[in-house]
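So this block is my_file.json, JSON, C-alpha atoms and all ligand atoms:
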[["chain", "number", "residue", "atom", "x", "y", "z"],
["A", 1029, "MET", "CA", 4.70, -37.77, -27.06],
["A", 1030, "ILE", "CA", 3.88, -34.49, -28.82],
["A", 1031, "ASN", "CA", 1.03, -32.54, -27.23],
["A", 1032, "VAL", "CA", -1.28, -31.60, -30.10],
["A", 1033, "PHE", "CA", -3.64, -29.51, -27.98],
["A", 1034, "PRO", "CA", -3.64, -25.71, -28.46],
["A", 1035, "LYS", "CA", -1.39, -23.79, -26.10],
["A", 1036, "LEU", "CA", -2.89, -21.96, -23.15],
["A", 1037, "LEU", "CA", -1.24, -19.67, -20.60],
["A", 1038, "LEU", "CA", -2.67, -20.13, -17.11],
["A", 1039, "HIS", "CA", -2.28, -17.30, -14.65],
["A", 1040, "SER", "CA", -1.71, -19.03, -11.30],
["A", 1041, "CYS", "CA", -2.53, -16.95, -8.23],
["A", 1042, "CYS", "CA", -1.13, -19.57, -5.81],
["A", 1043, "ALA", "CA", -0.36, -23.28, -5.43],
["A", 1044, "GLY", "CA", -3.68, -24.10, -3.72],
["A", 1045, "CYS", "CA", -5.80, -22.80, -6.59],
["A", 1046, "THR", "CA", -3.77, -24.51, -9.32],
["A", 1047, "PRO", "CA", -4.02, -28.36, -9.19],
["A", 1048, "LYS", "CA", -7.64, -28.97, -10.17],
["A", 1049, "VAL", "CA", -7.77, -26.13, -12.68],
["A", 1050, "LEU", "CA", -4.63, -27.50, -14.30],
["A", 1051, "GLU", "CA", -6.04, -31.03, -14.29],
["A", 1052, "ALA", "CA", -9.23, -29.87, -16.03],
["A", 1053, "LEU", "CA", -7.48, -27.70, -18.61],
["A", 1054, "THR", "CA", -4.85, -30.27, -19.62],
["A", 1055, "LYS", "CA", -7.69, -32.39, -21.05],
["A", 1056, "GLU", "CA", -8.10, -29.72, -23.75],
["A", 1057, "TYR", "CA", -4.98, -27.55, -23.78],
["A", 1058, "ASN", "CA", -1.20, -27.65, -23.66],
["A", 1059, "VAL", "CA", -0.88, -25.58, -20.49],
["A", 1060, "THR", "CA", 1.97, -23.35, -19.33],
["A", 1061, "GLY", "CA", 1.72, -21.61, -15.97],
["A", 1062, "TYR", "CA", 2.25, -17.91, -15.42],
["A", 1063, "TRP", "CA", 3.04, -16.15, -12.15],
["A", 1064, "PHE", "CA", 2.39, -12.43, -11.81],
["A", 1065, "ASN", "CA", 0.97, -11.49, -8.41],
["A", 1066, "PRO", "CA", 2.50, -8.23, -7.18],
["A", 1067, "ASN", "CA", -0.55, -7.73, -4.95],
["A", 1068, "ILE", "CA", 0.87, -10.11, -2.32],
["A", 1069, "TYR", "CA", 2.02, -8.40, 0.86],
["A", 1070, "PRO", "CA", 4.44, -8.57, 2.64],
["A", 1071, "GLU", "CA", 7.52, -9.76, 0.74],
["A", 1072, "GLU", "CA", 7.94, -12.83, 2.94],
["A", 1073, "GLU", "CA", 4.39, -13.97, 2.14],
["A", 1074, "TYR", "CA", 5.00, -13.31, -1.57],
["A", 1075, "GLN", "CA", 8.07, -15.56, -1.47],
["A", 1076, "LYS", "CA", 6.29, -18.35, 0.42],
["A", 1077, "ARG", "CA", 3.47, -18.49, -2.13],
["A", 1078, "LEU", "CA", 5.84, -18.37, -5.07],
["A", 1079, "ASP", "CA", 8.05, -21.10, -3.57],
["A", 1080, "ALA", "CA", 5.02, -23.36, -3.01],
["A", 1081, "LEU", "CA", 3.95, -22.94, -6.63],
["A", 1082, "LYS", "CA", 7.49, -23.54, -7.90],
["A", 1083, "THR", "CA", 7.73, -26.77, -5.88],
["A", 1084, "TYR", "CA", 4.33, -27.93, -7.12],
["A", 1085, "SER", "CA", 5.30, -27.14, -10.73],
["A", 1086, "ARG", "CA", 8.57, -29.03, -10.48],
["A", 1087, "GLN", "CA", 6.79, -32.07, -9.02],
["A", 1088, "GLU", "CA", 4.13, -32.02, -11.72],
["A", 1089, "LYS", "CA", 6.63, -31.18, -14.51],
["A", 1090, "TYR", "CA", 4.46, -28.18, -15.22],
["A", 1091, "GLU", "CA", 6.25, -25.34, -17.00],
["A", 1092, "LEU", "CA", 5.95, -22.06, -15.12],
["A", 1093, "ILE", "CA", 6.85, -18.59, -16.39],
["A", 1094, "ILE", "CA", 7.66, -16.23, -13.53],
["A", 1095, "SER", "CA", 7.16, -12.56, -14.21],
["A", 1096, "GLU", "CA", 8.16, -10.04, -11.61],
["A", 1097, "ASN", "CA", 8.30, -7.12, -13.99],
["A", 1098, "PRO", "CA", 5.79, -4.52, -12.79],
["A", 1099, "SER", "CA", 6.27, -2.40, -15.90],
["A", 1100, "GLN", "CA", 4.25, -5.06, -17.77],
["A", 1101, "SER", "CA", 1.06, -3.57, -16.42],
["A", 1102, "PRO", "CA", -0.18, -0.44, -14.68],
["A", 1103, "PHE", "CA", -0.51, -2.51, -11.52],
["A", 1104, "ASP", "CA", 2.57, -2.58, -9.31],
["A", 1105, "ARG", "CA", 3.63, -2.48, -5.71],
["A", 1106, "SER", "CA", 4.25, 1.26, -5.61],
["A", 1107, "ARG", "CA", 0.69, 1.85, -6.84],
["A", 1108, "PHE", "CA", -0.64, -0.33, -4.05],
["A", 1109, "ARG", "CA", 1.44, 1.68, -1.61],
["A", 1110, "ARG", "CA", -0.10, 4.89, -2.91],
["A", 1111, "ASN", "CA", -3.57, 3.42, -2.32],
["A", 1112, "LYS", "CA", -2.50, 2.50, 1.19],
["A", 1113, "GLY", "CA", -1.57, 6.15, 1.71],
["A", 1114, "ARG", "CA", -5.01, 7.26, 0.51],
["A", 1115, "ILE", "CA", -6.68, 4.96, 3.00],
["A", 1116, "LYS", "CA", -4.56, 6.38, 5.82],
["A", 1117, "ARG", "CA", -5.69, 9.87, 4.84],
["A", 1118, "GLY", "CA", -9.29, 8.68, 5.09],
["A", 1119, "ILE", "CA", -10.06, 8.46, 1.36],
["A", 1120, "SER", "CA", -11.89, 5.20, 0.95],
["A", 1121, "VAL", "CA", -11.17, 2.66, -1.76],
["A", 1122, "SER", "CA", -14.03, 0.17, -1.94],
["A", 1123, "LYS", "CA", -13.20, -3.52, -1.88],
["A", 1124, "THR", "CA", -14.84, -4.06, -5.26],
["A", 1125, "ASP", "CA", -12.80, -1.24, -6.88],
["A", 1126, "ARG", "CA", -9.65, -2.47, -5.26],
["A", 1127, "CYS", "CA", -10.19, -6.07, -6.38],
["A", 1128, "ARG", "CA", -11.13, -5.00, -9.91],
["A", 1129, "PHE", "CA", -7.89, -3.07, -10.13],
["A", 1130, "CYS", "CA", -5.98, -6.04, -8.74],
["A", 1131, "TYR", "CA", -7.55, -8.57, -11.14],
["A", 1132, "ASP", "CA", -7.08, -6.26, -14.10],
["A", 1133, "GLY", "CA", -3.33, -5.96, -13.58],
["A", 1134, "ARG", "CA", -2.78, -9.67, -13.15],
["A", 1135, "ILE", "CA", -5.09, -10.86, -15.93],
["A", 1136, "ARG", "CA", -3.77, -8.23, -18.36],
["A", 1137, "SER", "CA", -0.19, -9.22, -17.69],
["A", 1138, "CYS", "CA", -1.07, -12.86, -18.51],
["A", 1139, "ALA", "CA", -2.88, -11.87, -21.72],
["A", 1140, "GLU", "CA", 0.08, -9.73, -22.83],
["A", 1141, "GLU", "CA", 2.53, -12.52, -22.10],
["A", 1142, "ALA", "CA", 0.38, -14.98, -24.08],
["A", 1143, "LYS", "CA", 0.32, -12.57, -27.02],
["A", 1144, "LYS", "CA", 4.09, -12.11, -26.86],
["A", 1145, "ASP", "CA", 4.66, -15.90, -26.78],
["A", 1146, "ASN", "CA", 2.18, -16.64, -29.61],
["A", 1147, "ILE", "CA", -0.18, -18.47, -27.25],
["A", 1148, "ASN", "CA", -3.77, -17.99, -28.39],
["A", 1149, "TYR", "CA", -5.56, -18.85, -25.15],
["A", 1150, "PHE", "CA", -5.25, -17.73, -21.56],
["A", 1151, "THR", "CA", -7.17, -17.94, -18.31],
["A", 1152, "THR", "CA", -6.70, -17.58, -14.56],
["A", 1153, "THR", "CA", -6.95, -19.76, -11.45],
["A", 1154, "LEU", "CA", -8.82, -16.85, -9.85],
["A", 1155, "LEU", "CA", -11.91, -18.48, -11.40],
["A", 1156, "VAL", "CA", -11.67, -21.37, -8.92],
["A", 1157, "SER", "CA", -12.12, -19.35, -5.75],
["A", 1158, "PRO", "CA", -15.60, -18.87, -4.26],
["A", 1159, "TYR", "CA", -14.10, -15.95, -2.29],
["A", 1160, "GLN", "CA", -13.27, -13.88, -5.40],
["A", 1161, "GLU", "CA", -15.57, -11.65, -7.45],
["A", 1162, "HIS", "CA", -16.21, -14.29, -10.11],
["A", 1163, "LYS", "CA", -18.42, -12.19, -12.38],
["A", 1164, "ILE", "CA", -15.89, -9.33, -12.47],
["A", 1165, "ILE", "CA", -13.04, -11.73, -13.27],
["A", 1166, "ARG", "CA", -15.00, -13.13, -16.19],
["A", 1167, "GLU", "CA", -15.92, -9.67, -17.50],
["A", 1168, "LEU", "CA", -12.34, -8.44, -17.24],
["A", 1169, "GLY", "CA", -10.94, -11.59, -18.86],
["A", 1170, "GLU", "CA", -13.24, -11.21, -21.85],
["A", 1171, "GLN", "CA", -12.67, -7.46, -22.14],
["A", 1172, "ILE", "CA", -8.85, -7.73, -21.88],
["A", 1173, "ALA", "CA", -8.88, -10.59, -24.41],
["A", 1174, "ARG", "CA", -10.57, -8.31, -26.96],
["A", 1175, "GLN", "CA", -8.11, -5.49, -26.25],
["A", 1176, "VAL", "CA", -4.97, -7.65, -26.44],
["A", 1177, "GLY", "CA", -6.10, -10.00, -29.24],
["A", 1178, "VAL", "CA", -6.02, -13.40, -27.50],
["A", 1179, "GLU", "CA", -8.87, -15.65, -26.32],
["A", 1180, "PHE", "CA", -9.98, -15.85, -22.71],
["A", 1181, "VAL", "CA", -11.09, -19.34, -21.66],
["A", 1182, "TYR", "CA", -13.93, -19.02, -19.16],
["A", 1183, "ARG", "CA", -14.91, -21.90, -16.92],
["A", 1184, "ASP", "CA", -16.62, -21.95, -13.56],
["A", 1185, "PHE", "CA", -14.01, -23.94, -11.67],
["A", 1186, "ARG", "CA", -15.46, -23.12, -8.24],
["A", 1187, "PRO", "CA", -16.81, -26.63, -7.48],
["A", 1188, "MET", "CA", -13.14, -27.82, -7.57],
["A", 1189, "PHE", "CA", -11.86, -25.31, -5.01],
["A", 1190, "TYR", "CA", -11.59, -27.52, -1.92],
["A", 1191, "ALA", "CA", -10.28, -30.54, -3.84],
["A", 1192, "GLY", "CA", -7.39, -28.39, -5.11],
["A", 1193, "LYS", "CA", -6.57, -27.18, -1.61],
["A", 1194, "THR", "CA", -6.52, -30.79, -0.41],
["A", 1195, "VAL", "CA", -3.88, -31.70, -3.02],
["A", 1196, "ILE", "CA", -1.58, -28.94, -1.74],
["A", 1197, "TYR", "CA", -2.36, -29.75, 1.89],
["A", 1198, "ASN", "CA", -1.45, -33.42, 1.34],
["A", 1199, "GLN", "CA", 1.82, -32.36, -0.30],
["A", 1200, "LYS", "CA", 2.53, -30.25, 2.81],
["A", 1201, "LEU", "CA", 3.07, -27.12, 0.74],
["A", 1202, "TYR", "CA", 2.43, -23.62, 2.05],
["A", 1203, "MET", "CA", -1.21, -22.52, 2.12],
["A", 1204, "GLN", "CA", -2.02, -18.86, 2.65],
["A", 1205, "LYS", "CA", -4.51, -17.55, 5.22],
["A", 1206, "TYR", "CA", -5.66, -14.40, 3.42],
["A", 1207, "CYS", "CA", -6.24, -13.21, -0.12],
["A", 1208, "GLY", "CA", -2.98, -11.31, -0.60],
["A", 1209, "CYS", "CA", -2.92, -7.52, -0.35],
["A", 1210, "VAL", "CA", -2.26, -5.43, 2.75],
["A", 1211, "TYR", "CA", -6.01, -4.73, 3.12],
["A", 1212, "SER", "CA", -6.97, -8.39, 3.09],
["A", 1213, "LEU", "CA", -4.24, -9.04, 5.67],
["A", 1214, "LYS", "CA", -5.73, -6.33, 7.92],
["A", 1215, "GLU", "CA", -9.23, -7.79, 7.45],
["A", 1216, "ARG", "CA", -7.94, -11.24, 8.39],
["A", 1217, "ASN", "CA", -6.15, -9.86, 11.47],
["A", 1218, "LYS", "CA", -9.34, -8.10, 12.61],
["A", 1219, "LYS", "CA", -11.18, -11.44, 12.57],
["B", 1301, "LIG", "S1", -8.60, -8.72, -1.56],
["B", 1301, "LIG", "FE1", -7.46, -10.11, -2.96],
["B", 1301, "LIG", "S2", -8.29, -9.71, -5.01],
["B", 1301, "LIG", "FE2", -8.89, -8.00, -3.68],
["B", 1301, "LIG", "S3", -7.27, -6.48, -3.93],
["B", 1301, "LIG", "FE3", -6.68, -7.71, -2.19],
["B", 1301, "LIG", "S4", -5.37, -9.33, -3.04],
["B", 1301, "LIG", "FE4", -6.47, -8.41, -4.76]]
Show me, as structure tokens, the structure contained in the file I just sent.
Amino acid sequence: MINVFPKLLLHSCCAGCTPKVLEALTKEYNVTGYWFNPNIYPEEEYQKRLDALKTYSRQEKYELIISENPSQSPFDRSRFRRNKGRIKRGISVSKTDRCRFCYDGRIRSCAEEAKKDNINYFTTTLLVSPYQEHKIIRELGEQIARQVGVEFVYRDFRPMFYAGKTVIYNQKLYMQKYCGCVYSLKERNKK
């Protein structure tokens, strides 16, 4: 059957945040997934999260575009490493600044990919997490949409967060224990 809904590119941050967002959006859009998460540290963790999302996508017959091209945005691993160096030298980078920078790179990459593929709508699974800076994600999504010339679909998916995790848990797929970057790993280890 032909899907007559408008196309939407969904930036997926991980498998756990994807199922319920995808379920809600497919009622209105023809959804393709998009992976661009160079914030994830270390490499082994990056691969585990990507593999979990790939497995979930295959099972759900959900098309997933995987982008690992850091030149698509100003955000890349070497830039994160430079920030790590600044922290070591005692120059602080606040969590809010760091997360804004992180969201910007990932959301912008999705918007640019949507534009390139003639997809008019885009959004991100980051909107499902109660642990993320929801207001900043919305602001950035709307601002980047204006800059790139595509539409950002805003929804407050947060009430679906735990139901989505349960789907992935029941499928015995990998579930991460920290947000992603080296700083969030250190914060988790401190706890
Ligand atoms: S805590 Fe999460 S959102 Fe913030 S910079 Fe690290 S990976 Fe990105």
Write out as a short mmCIF file (atom, residue, chain, number, x, y, z; two decimals) with C-alpha atoms, keeping the file's coordinate frame each polymer residue (protein, DNA or RNA) that has an atom no more than 10 Å from ligand LIG 1301 (chain B), with all atoms listed in the file counted.
data_model
loop_
_atom_site.label_atom_id
_atom_site.label_comp_id
_atom_site.auth_asym_id
_atom_site.auth_seq_id
_atom_site.Cartn_x
_atom_site.Cartn_y
_atom_site.Cartn_z
CA CYS A 1041 -2.53 -16.95 -8.23
CA ASN A 1065 0.97 -11.49 -8.41
CA PRO A 1066 2.50 -8.23 -7.18
CA ASN A 1067 -0.55 -7.73 -4.95
CA ILE A 1068 0.87 -10.11 -2.32
CA TYR A 1069 2.02 -8.40 0.86
CA PHE A 1108 -0.64 -0.33 -4.05
CA SER A 1122 -14.03 0.17 -1.94
CA LYS A 1123 -13.20 -3.52 -1.88
CA THR A 1124 -14.84 -4.06 -5.26
CA ASP A 1125 -12.80 -1.24 -6.88
CA ARG A 1126 -9.65 -2.47 -5.26
CA CYS A 1127 -10.19 -6.07 -6.38
CA ARG A 1128 -11.13 -5.00 -9.91
CA PHE A 1129 -7.89 -3.07 -10.13
CA CYS A 1130 -5.98 -6.04 -8.74
CA TYR A 1131 -7.55 -8.57 -11.14
CA ASP A 1132 -7.08 -6.26 -14.10
CA GLY A 1133 -3.33 -5.96 -13.58
CA ARG A 1134 -2.78 -9.67 -13.15
CA LEU A 1154 -8.82 -16.85 -9.85
CA TYR A 1159 -14.10 -15.95 -2.29
CA GLN A 1160 -13.27 -13.88 -5.40
CA GLU A 1161 -15.57 -11.65 -7.45
CA ILE A 1165 -13.04 -11.73 -13.27
CA TYR A 1206 -5.66 -14.40 3.42
CA CYS A 1207 -6.24 -13.21 -0.12
CA GLY A 1208 -2.98 -11.31 -0.60
CA CYS A 1209 -2.92 -7.52 -0.35
CA VAL A 1210 -2.26 -5.43 2.75
CA TYR A 1211 -6.01 -4.73 3.12
CA SER A 1212 -6.97 -8.39 3.09
CA LEU A 1213 -4.24 -9.04 5.67
CA GLU A 1215 -9.23 -7.79 7.45
#
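One distance worth recording is that between CA of Leu1092 (chain A) and CA of Val1176 (chain A), which is 21.3 Å.
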Residue neighbourhood region 1177-1184 of chain A, 6 Å, only C-alpha atoms, exclusion window fewer than 3 positions, as an NGL selection string: :A and (1148-1151 or 1169-1170 or 1173-1174)
Using the selection just defined, write its residues with C-alpha atoms as a PDB file, in the frame of the given file.
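Wrote it out as again16.pdb, contents follow:
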ATOM      1  CA  ASN A1148      -3.770 -17.990 -28.390  1.00  0.00           C
ATOM      2  CA  TYR A1149      -5.560 -18.850 -25.150  1.00  0.00           C
ATOM      3  CA  PHE A1150      -5.250 -17.730 -21.560  1.00  0.00           C
ATOM      4  CA  THR A1151      -7.170 -17.940 -18.310  1.00  0.00           C
ATOM      5  CA  GLY A1169     -10.940 -11.590 -18.860  1.00  0.00           C
ATOM      6  CA  GLU A1170     -13.240 -11.210 -21.850  1.00  0.00           C
ATOM      7  CA  ALA A1173      -8.880 -10.590 -24.410  1.00  0.00           C
ATOM      8  CA  ARG A1174     -10.570  -8.310 -26.960  1.00  0.00           C
TER       9      ARG A1174
END
Which residue of A:Val1059, A:Ile1164, A:Ala1080, A:Ala1191 approaches Leu1038 (chain A) most closely, using all atoms listed in the file: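 Closest to Leu1038 (chain A), using all atoms listed in the file: A:Val1059.
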Distance criterion (all atoms listed in the file): nearest to Arg1086 (chain A) out of A:Phe1185, A:Gly1061, A:Val1049, A:Glu1073: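 Of A:Phe1185, A:Gly1061, A:Val1049, A:Glu1073, the one nearest Arg1086 (chain A) is A:Gly1061, counting all atoms listed in the file.
Nearest to Gln1204 (chain A) of all the residues A:Leu1037, A:Leu1081, A:Leu1053, A:Ile1093 is A:Leu1081, counting only C-alpha atoms.
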If I take CA of Gly1192 (chain A) and CA of Glu1088 (chain A), how far is one from the other in Å, to one decimal?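 Those two atoms sit 13.8 Å apart.
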Find, counting only C-alpha atoms, the residue in A:His1162, A:Arg1136, A:Lys1048, A:Lys1193 that gets nearest to Gln1175 (chain A).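 So, comparing all the options, the nearest one is A:Arg1136.
Atom to atom, CA of Pro1047 (chain A) and CA of Val1195 (chain A) stand 7.0 Å apart.
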